[in-house]
>>> print(open('model04.txt').read())   # compact mmCIF, N, CA and C atoms
# COMPACT_ATOMS: atom_id res chain seq x y z
N ILE H 15 1.10 -6.88 6.24
CA ILE H 15 0.68 -6.30 4.97
C ILE H 15 0.90 -4.79 4.98
N LEU H 16 0.60 -4.15 6.09
CA LEU H 16 0.73 -2.70 6.14
C LEU H 16 2.19 -2.25 6.00
N MET H 17 3.11 -2.96 6.61
CA MET H 17 4.52 -2.59 6.48
C MET H 17 5.06 -2.97 5.10
N ALA H 18 4.54 -4.02 4.51
CA ALA H 18 5.00 -4.44 3.18
C ALA H 18 4.68 -3.38 2.13
N GLN H 19 3.68 -2.58 2.38
CA GLN H 19 3.34 -1.51 1.43
C GLN H 19 4.46 -0.51 1.27
N GLU H 20 5.29 -0.40 2.28
CA GLU H 20 6.36 0.59 2.25
C GLU H 20 7.50 0.20 1.31
N THR H 21 7.49 -1.01 0.77
CA THR H 21 8.55 -1.39 -0.17
C THR H 21 8.50 -0.54 -1.43
N SER H 22 7.34 -0.06 -1.79
CA SER H 22 7.26 0.81 -2.97
C SER H 22 7.90 2.17 -2.71
N SER H 23 8.01 2.54 -1.45
CA SER H 23 8.62 3.83 -1.11
C SER H 23 10.11 3.89 -1.42
N LEU H 24 10.77 2.74 -1.44
CA LEU H 24 12.20 2.72 -1.77
C LEU H 24 12.43 3.32 -3.15
N PHE H 25 11.67 2.87 -4.12
CA PHE H 25 11.82 3.38 -5.48
C PHE H 25 11.34 4.83 -5.60
N LEU H 26 10.31 5.17 -4.83
CA LEU H 26 9.82 6.54 -4.84
C LEU H 26 10.89 7.50 -4.31
N ASN H 27 11.60 7.09 -3.27
CA ASN H 27 12.65 7.93 -2.71
C ASN H 27 13.77 8.18 -3.72
N VAL H 28 14.16 7.13 -4.45
CA VAL H 28 15.20 7.29 -5.48
C VAL H 28 14.71 8.25 -6.56
N TYR H 29 13.48 8.06 -6.98
CA TYR H 29 12.92 8.93 -8.02
C TYR H 29 12.88 10.39 -7.56
N LEU H 30 12.39 10.62 -6.36
CA LEU H 30 12.28 11.99 -5.85
C LEU H 30 13.65 12.63 -5.62
N LEU H 31 14.63 11.82 -5.27
CA LEU H 31 15.97 12.34 -5.05
C LEU H 31 16.64 12.77 -6.36
N LEU H 32 16.41 12.01 -7.43
CA LEU H 32 17.14 12.23 -8.68
C LEU H 32 16.39 13.02 -9.75
N ARG H 33 15.09 13.18 -9.62
CA ARG H 33 14.33 13.77 -10.72
C ARG H 33 14.71 15.22 -11.02
N ASN H 34 15.14 15.98 -10.04
CA ASN H 34 15.56 17.36 -10.28
C ASN H 34 17.06 17.51 -10.44
N ARG H 35 17.82 16.50 -10.02
CA ARG H 35 19.27 16.57 -10.15
C ARG H 35 19.73 16.09 -11.52
N THR H 36 19.22 14.97 -11.93
CA THR H 36 19.58 14.40 -13.25
C THR H 36 18.30 13.93 -13.93
N PRO H 37 17.48 14.83 -14.43
CA PRO H 37 16.17 14.44 -14.96
C PRO H 37 16.25 13.55 -16.19
N ASP H 38 17.35 13.56 -16.92
CA ASP H 38 17.45 12.75 -18.13
C ASP H 38 18.10 11.39 -17.90
N ALA H 39 18.51 11.11 -16.69
CA ALA H 39 19.17 9.84 -16.39
C ALA H 39 18.16 8.69 -16.47
N PRO H 40 18.60 7.55 -17.01
CA PRO H 40 17.70 6.39 -17.10
C PRO H 40 17.23 5.89 -15.74
N LEU H 41 18.04 6.10 -14.71
CA LEU H 41 17.65 5.65 -13.36
C LEU H 41 16.39 6.34 -12.87
N VAL H 42 16.18 7.56 -13.29
CA VAL H 42 14.97 8.29 -12.90
C VAL H 42 13.74 7.58 -13.47
N THR H 43 13.80 7.24 -14.73
CA THR H 43 12.68 6.54 -15.37
C THR H 43 12.49 5.15 -14.78
N TYR H 44 13.58 4.42 -14.59
CA TYR H 44 13.48 3.07 -14.05
C TYR H 44 12.92 3.07 -12.63
N SER H 45 13.36 4.01 -11.82
CA SER H 45 12.86 4.06 -10.45
C SER H 45 11.38 4.41 -10.42
N PHE H 46 10.93 5.28 -11.32
CA PHE H 46 9.51 5.60 -11.34
C PHE H 46 8.68 4.40 -11.80
N VAL H 47 9.16 3.69 -12.80
CA VAL H 47 8.43 2.50 -13.29
C VAL H 47 8.39 1.43 -12.20
N CYS H 48 9.52 1.22 -11.52
CA CYS H 48 9.54 0.25 -10.43
C CYS H 48 8.59 0.66 -9.30
N PHE H 49 8.55 1.95 -9.00
CA PHE H 49 7.62 2.43 -7.99
C PHE H 49 6.17 2.15 -8.41
N ALA H 50 5.84 2.45 -9.65
CA ALA H 50 4.46 2.24 -10.12
C ALA H 50 4.07 0.76 -10.06
N VAL H 51 4.98 -0.11 -10.46
CA VAL H 51 4.70 -1.55 -10.43
C VAL H 51 4.54 -2.03 -9.00
N CYS H 52 5.48 -1.66 -8.13
CA CYS H 52 5.39 -2.07 -6.72
C CYS H 52 4.15 -1.49 -6.05
N PHE H 53 3.81 -0.26 -6.40
CA PHE H 53 2.61 0.36 -5.82
C PHE H 53 1.37 -0.43 -6.21
N ALA H 54 1.27 -0.78 -7.48
CA ALA H 54 0.10 -1.54 -7.94
C ALA H 54 0.03 -2.91 -7.27
N ILE H 55 1.17 -3.57 -7.15
CA ILE H 55 1.18 -4.91 -6.55
C ILE H 55 0.88 -4.85 -5.06
N TRP H 56 1.64 -4.04 -4.32
CA TRP H 56 1.53 -4.03 -2.87
C TRP H 56 0.33 -3.25 -2.35
N ARG H 57 0.21 -2.02 -2.77
CA ARG H 57 -0.81 -1.16 -2.17
C ARG H 57 -2.20 -1.41 -2.73
N LEU H 58 -2.30 -1.72 -4.01
CA LEU H 58 -3.62 -1.97 -4.57
C LEU H 58 -3.98 -3.45 -4.51
N GLY H 59 -3.07 -4.31 -4.89
CA GLY H 59 -3.38 -5.74 -4.95
C GLY H 59 -3.37 -6.44 -3.61
N ILE H 60 -2.21 -6.52 -2.99
CA ILE H 60 -2.07 -7.31 -1.76
C ILE H 60 -2.79 -6.64 -0.59
N SER H 61 -2.77 -5.34 -0.52
CA SER H 61 -3.49 -4.66 0.56
C SER H 61 -5.00 -4.90 0.48
N THR H 62 -5.52 -4.83 -0.73
CA THR H 62 -6.95 -5.11 -0.90
C THR H 62 -7.27 -6.56 -0.57
N ALA H 63 -6.40 -7.47 -0.99
CA ALA H 63 -6.60 -8.89 -0.67
C ALA H 63 -6.54 -9.12 0.83
N GLY H 64 -5.63 -8.43 1.52
CA GLY H 64 -5.55 -8.55 2.97
C GLY H 64 -6.80 -8.02 3.67
N THR H 65 -7.34 -6.94 3.15
CA THR H 65 -8.57 -6.38 3.72
C THR H 65 -9.73 -7.35 3.53
N VAL H 66 -9.84 -7.90 2.35
CA VAL H 66 -10.91 -8.89 2.08
C VAL H 66 -10.73 -10.11 2.96
N TYR H 67 -9.50 -10.57 3.12
CA TYR H 67 -9.23 -11.73 3.98
C TYR H 67 -9.65 -11.45 5.42
N TYR H 68 -9.30 -10.26 5.93
CA TYR H 68 -9.67 -9.91 7.29
C TYR H 68 -11.18 -9.88 7.45
N LEU H 69 -11.87 -9.28 6.51
CA LEU H 69 -13.32 -9.17 6.62
C LEU H 69 -14.01 -10.53 6.48
N ARG H 70 -13.46 -11.41 5.65
CA ARG H 70 -14.06 -12.74 5.49
C ARG H 70 -13.83 -13.63 6.71
N ASN H 71 -12.72 -13.45 7.38
CA ASN H 71 -12.39 -14.26 8.55
C ASN H 71 -12.57 -13.50 9.85
N TYR H 72 -13.42 -12.55 9.81
CA TYR H 72 -13.69 -11.67 10.94
C TYR H 72 -14.20 -12.44 12.16
N ASP H 73 -14.94 -13.50 11.93
CA ASP H 73 -15.53 -14.27 13.02
C ASP H 73 -14.54 -15.24 13.67
N GLN H 74 -13.34 -15.35 13.14
CA GLN H 74 -12.35 -16.30 13.67
C GLN H 74 -11.25 -15.62 14.48
N LEU H 75 -11.50 -14.43 14.93
CA LEU H 75 -10.51 -13.72 15.75
C LEU H 75 -10.40 -14.38 17.13
N PRO H 76 -9.24 -14.27 17.76
CA PRO H 76 -9.10 -14.85 19.11
C PRO H 76 -10.10 -14.21 20.08
N PRO H 77 -10.51 -14.95 21.08
CA PRO H 77 -11.52 -14.43 22.01
C PRO H 77 -11.04 -13.25 22.84
N ASP H 78 -9.73 -13.07 22.99
CA ASP H 78 -9.25 -11.96 23.80
C ASP H 78 -9.21 -10.63 23.04
N VAL H 79 -9.57 -10.65 21.74
CA VAL H 79 -9.66 -9.42 20.96
C VAL H 79 -11.04 -8.82 21.20
N SER H 80 -11.08 -7.62 21.69
CA SER H 80 -12.37 -7.00 21.99
C SER H 80 -13.10 -6.64 20.69
N ALA H 81 -14.40 -6.59 20.79
CA ALA H 81 -15.22 -6.33 19.60
C ALA H 81 -14.96 -4.94 19.03
N TRP H 82 -14.79 -3.94 19.88
CA TRP H 82 -14.57 -2.58 19.37
C TRP H 82 -13.24 -2.49 18.62
N ALA H 83 -12.22 -3.22 19.09
CA ALA H 83 -10.93 -3.19 18.41
C ALA H 83 -11.02 -3.88 17.05
N ALA H 84 -11.75 -4.98 16.99
CA ALA H 84 -11.92 -5.70 15.73
C ALA H 84 -12.69 -4.85 14.72
N HIS H 85 -13.73 -4.16 15.19
CA HIS H 85 -14.50 -3.27 14.32
C HIS H 85 -13.64 -2.11 13.84
N LEU H 86 -12.85 -1.55 14.72
CA LEU H 86 -11.99 -0.42 14.37
C LEU H 86 -10.95 -0.82 13.31
N VAL H 87 -10.33 -1.97 13.49
CA VAL H 87 -9.35 -2.45 12.51
C VAL H 87 -10.02 -2.68 11.16
N GLY H 88 -11.19 -3.27 11.17
CA GLY H 88 -11.92 -3.49 9.91
C GLY H 88 -12.27 -2.18 9.22
N ALA H 89 -12.73 -1.20 9.99
CA ALA H 89 -13.08 0.09 9.40
C ALA H 89 -11.86 0.81 8.84
N VAL H 90 -10.75 0.74 9.57
CA VAL H 90 -9.52 1.39 9.10
C VAL H 90 -9.00 0.72 7.83
N LEU H 91 -9.03 -0.60 7.78
CA LEU H 91 -8.58 -1.32 6.58
C LEU H 91 -9.44 -0.99 5.36
N VAL H 92 -10.75 -0.94 5.56
CA VAL H 92 -11.64 -0.59 4.45
C VAL H 92 -11.39 0.84 4.00
N ALA H 93 -11.24 1.75 4.94
CA ALA H 93 -10.98 3.15 4.59
C ALA H 93 -9.65 3.31 3.87
N ALA H 94 -8.63 2.59 4.32
CA ALA H 94 -7.32 2.67 3.67
C ALA H 94 -7.37 2.12 2.25
N SER H 95 -8.04 1.01 2.05
CA SER H 95 -8.16 0.45 0.70
C SER H 95 -8.96 1.38 -0.20
N ALA H 96 -10.04 1.93 0.33
CA ALA H 96 -10.84 2.85 -0.48
C ALA H 96 -10.04 4.09 -0.85
N LEU H 97 -9.24 4.59 0.08
CA LEU H 97 -8.42 5.76 -0.20
C LEU H 97 -7.38 5.46 -1.27
N GLN H 98 -6.73 4.31 -1.20
CA GLN H 98 -5.73 3.96 -2.21
C GLN H 98 -6.35 3.85 -3.59
N TRP H 99 -7.50 3.21 -3.66
CA TRP H 99 -8.15 3.04 -4.97
C TRP H 99 -8.68 4.36 -5.50
N ALA H 100 -9.34 5.15 -4.66
CA ALA H 100 -9.93 6.41 -5.12
C ALA H 100 -8.87 7.42 -5.50
N LYS H 101 -7.81 7.48 -4.75
CA LYS H 101 -6.78 8.47 -4.98
C LYS H 101 -5.94 8.16 -6.21
N ASN H 102 -5.73 6.90 -6.52
CA ASN H 102 -4.76 6.53 -7.54
C ASN H 102 -5.35 5.87 -8.78
N VAL H 103 -6.55 5.39 -8.72
CA VAL H 103 -7.10 4.67 -9.86
C VAL H 103 -8.27 5.43 -10.48
N LEU H 104 -9.15 5.92 -9.65
CA LEU H 104 -10.37 6.56 -10.16
C LEU H 104 -10.16 7.97 -10.57
>>> encode(input="model04.txt", output="structure tokens")
Amino acid sequence: ILMAQETSSLFLNVYLLLRNRTPDAPLVTYSFVCFAVCFAIWRLGISTAGTVYYLRNYDQLPPDVSAWAAHLVGAVLVAASALQWAKNVL
């Protein structure tokens, strides 16, 4: 899930590359719209769903995963989801 979030960066890179070179080109607008859609789907939707899934199935982790590592991953996922929502939606 964390690496899948980077798919929205492809469109962001195109937008950032072209916005000052050809600001009136349709590709600039299309790349920004595609970035916004992918960002909403991947970073807000699927990332949040993955965080909820991890927290709901927290008790089913393999026994060789230490408790501190499981807690740390949960805290980082919650913080990352909160940051995405607070920074971009609120």
>>> atom_distance(input="model04.txt", atom1="atom N of H:Leu32", atom2="atom N of H:Val51")
16.9 Å
>>> closest_residue(input="model04.txt", among="H:Leu75, H:Val66, H:Met17, H:Ala39", to="H:Leu91", atoms="only N, CA and C atoms")
H:Val66
>>> residues_around(input="model04.txt", residues="H:Trp56", least_positions_apart="2", cutoff="8 Å", atoms="all atoms listed in the file", output="PyMOL selection string")
chain H and resi 15+18-22+50-54+58-62
>>> atom_distance(input="model04.txt", atom1="atom CA of H:Leu24", atom2="atom N of H:Cys48")
10.2 Å
>>> select_by_dssp(input="model04.txt", residues="chain H", states="alpha helix (DSSP H)", output="count of residues only")
57
>>> residues_around(input="model04.txt", residues="H:Ala94", least_positions_apart="2", cutoff="12 Å", atoms="only C-alpha atoms", output="ChimeraX atom specification")
/H:16,19,57-58,61-62,64-65,87-92,96-101
>>> write_last_selection(input="model04.txt", atoms="N, CA and C atoms", output="PDB file, in the coordinates of the input")
ATOM      1  N   LEU H  16       0.600  -4.150   6.090  1.00  0.00           N
ATOM      2  CA  LEU H  16       0.730  -2.700   6.140  1.00  0.00           C
ATOM      3  C   LEU H  16       2.190  -2.250   6.000  1.00  0.00           C
ATOM      4  N   GLN H  19       3.680  -2.580   2.380  1.00  0.00           N
ATOM      5  CA  GLN H  19       3.340  -1.510   1.430  1.00  0.00           C
ATOM      6  C   GLN H  19       4.460  -0.510   1.270  1.00  0.00           C
ATOM      7  N   ARG H  57       0.210  -2.020  -2.770  1.00  0.00           N
ATOM      8  CA  ARG H  57      -0.810  -1.160  -2.170  1.00  0.00           C
ATOM      9  C   ARG H  57      -2.200  -1.410  -2.730  1.00  0.00           C
ATOM     10  N   LEU H  58      -2.300  -1.720  -4.010  1.00  0.00           N
ATOM     11  CA  LEU H  58      -3.620  -1.970  -4.570  1.00  0.00           C
ATOM     12  C   LEU H  58      -3.980  -3.450  -4.510  1.00  0.00           C
ATOM     13  N   SER H  61      -2.770  -5.340  -0.520  1.00  0.00           N
ATOM     14  CA  SER H  61      -3.490  -4.660   0.560  1.00  0.00           C
ATOM     15  C   SER H  61      -5.000  -4.900   0.480  1.00  0.00           C
ATOM     16  N   THR H  62      -5.520  -4.830  -0.730  1.00  0.00           N
ATOM     17  CA  THR H  62      -6.950  -5.110  -0.900  1.00  0.00           C
ATOM     18  C   THR H  62      -7.270  -6.560  -0.570  1.00  0.00           C
ATOM     19  N   GLY H  64      -5.630  -8.430   1.520  1.00  0.00           N
ATOM     20  CA  GLY H  64      -5.550  -8.550   2.970  1.00  0.00           C
ATOM     21  C   GLY H  64      -6.800  -8.020   3.670  1.00  0.00           C
ATOM     22  N   THR H  65      -7.340  -6.940   3.150  1.00  0.00           N
ATOM     23  CA  THR H  65      -8.570  -6.380   3.720  1.00  0.00           C
ATOM     24  C   THR H  65      -9.730  -7.350   3.530  1.00  0.00           C
ATOM     25  N   VAL H  87     -10.330  -1.970  13.490  1.00  0.00           N
ATOM     26  CA  VAL H  87      -9.350  -2.450  12.510  1.00  0.00           C
ATOM     27  C   VAL H  87     -10.020  -2.680  11.160  1.00  0.00           C
ATOM     28  N   GLY H  88     -11.190  -3.270  11.170  1.00  0.00           N
ATOM     29  CA  GLY H  88     -11.920  -3.490   9.910  1.00  0.00           C
ATOM     30  C   GLY H  88     -12.270  -2.180   9.220  1.00  0.00           C
ATOM     31  N   ALA H  89     -12.730  -1.200   9.990  1.00  0.00           N
ATOM     32  CA  ALA H  89     -13.080   0.090   9.400  1.00  0.00           C
ATOM     33  C   ALA H  89     -11.860   0.810   8.840  1.00  0.00           C
ATOM     34  N   VAL H  90     -10.750   0.740   9.570  1.00  0.00           N
ATOM     35  CA  VAL H  90      -9.520   1.390   9.100  1.00  0.00           C
ATOM     36  C   VAL H  90      -9.000   0.720   7.830  1.00  0.00           C
ATOM     37  N   LEU H  91      -9.030  -0.600   7.780  1.00  0.00           N
ATOM     38  CA  LEU H  91      -8.580  -1.320   6.580  1.00  0.00           C
ATOM     39  C   LEU H  91      -9.440  -0.990   5.360  1.00  0.00           C
ATOM     40  N   VAL H  92     -10.750  -0.940   5.560  1.00  0.00           N
ATOM     41  CA  VAL H  92     -11.640  -0.590   4.450  1.00  0.00           C
ATOM     42  C   VAL H  92     -11.390   0.840   4.000  1.00  0.00           C
ATOM     43  N   ALA H  96     -10.040   1.930   0.330  1.00  0.00           N
ATOM     44  CA  ALA H  96     -10.840   2.850  -0.480  1.00  0.00           C
ATOM     45  C   ALA H  96     -10.040   4.090  -0.850  1.00  0.00           C
ATOM     46  N   LEU H  97      -9.240   4.590   0.080  1.00  0.00           N
ATOM     47  CA  LEU H  97      -8.420   5.760  -0.200  1.00  0.00           C
ATOM     48  C   LEU H  97      -7.380   5.460  -1.270  1.00  0.00           C
ATOM     49  N   GLN H  98      -6.730   4.310  -1.200  1.00  0.00           N
ATOM     50  CA  GLN H  98      -5.730   3.960  -2.210  1.00  0.00           C
ATOM     51  C   GLN H  98      -6.350   3.850  -3.590  1.00  0.00           C
ATOM     52  N   TRP H  99      -7.500   3.210  -3.660  1.00  0.00           N
ATOM     53  CA  TRP H  99      -8.150   3.040  -4.970  1.00  0.00           C
ATOM     54  C   TRP H  99      -8.680   4.360  -5.500  1.00  0.00           C
ATOM     55  N   ALA H 100      -9.340   5.150  -4.660  1.00  0.00           N
ATOM     56  CA  ALA H 100      -9.930   6.410  -5.120  1.00  0.00           C
ATOM     57  C   ALA H 100      -8.870   7.420  -5.500  1.00  0.00           C
ATOM     58  N   LYS H 101      -7.810   7.480  -4.750  1.00  0.00           N
ATOM     59  CA  LYS H 101      -6.780   8.470  -4.980  1.00  0.00           C
ATOM     60  C   LYS H 101      -5.940   8.160  -6.210  1.00  0.00           C
TER      61      LYS H 101
END
>>> residues_around(input="model04.txt", residues="H:Thr43", least_positions_apart="6", cutoff="8 Å", atoms="all atoms listed in the file", output="list in words")
Tyr29, Arg33, Pro37 and Phe49 of chain H
>>> atom_distance(input="model04.txt", atom1="atom C of H:Ala63", atom2="atom C of H:Ser45")
25.1 Å
>>> closest_residue(input="model04.txt", among="H:Phe46, H:Tyr67, H:Pro76, H:Ser95", to="H:Leu26", atoms="only N, CA and C atoms")
H:Phe46
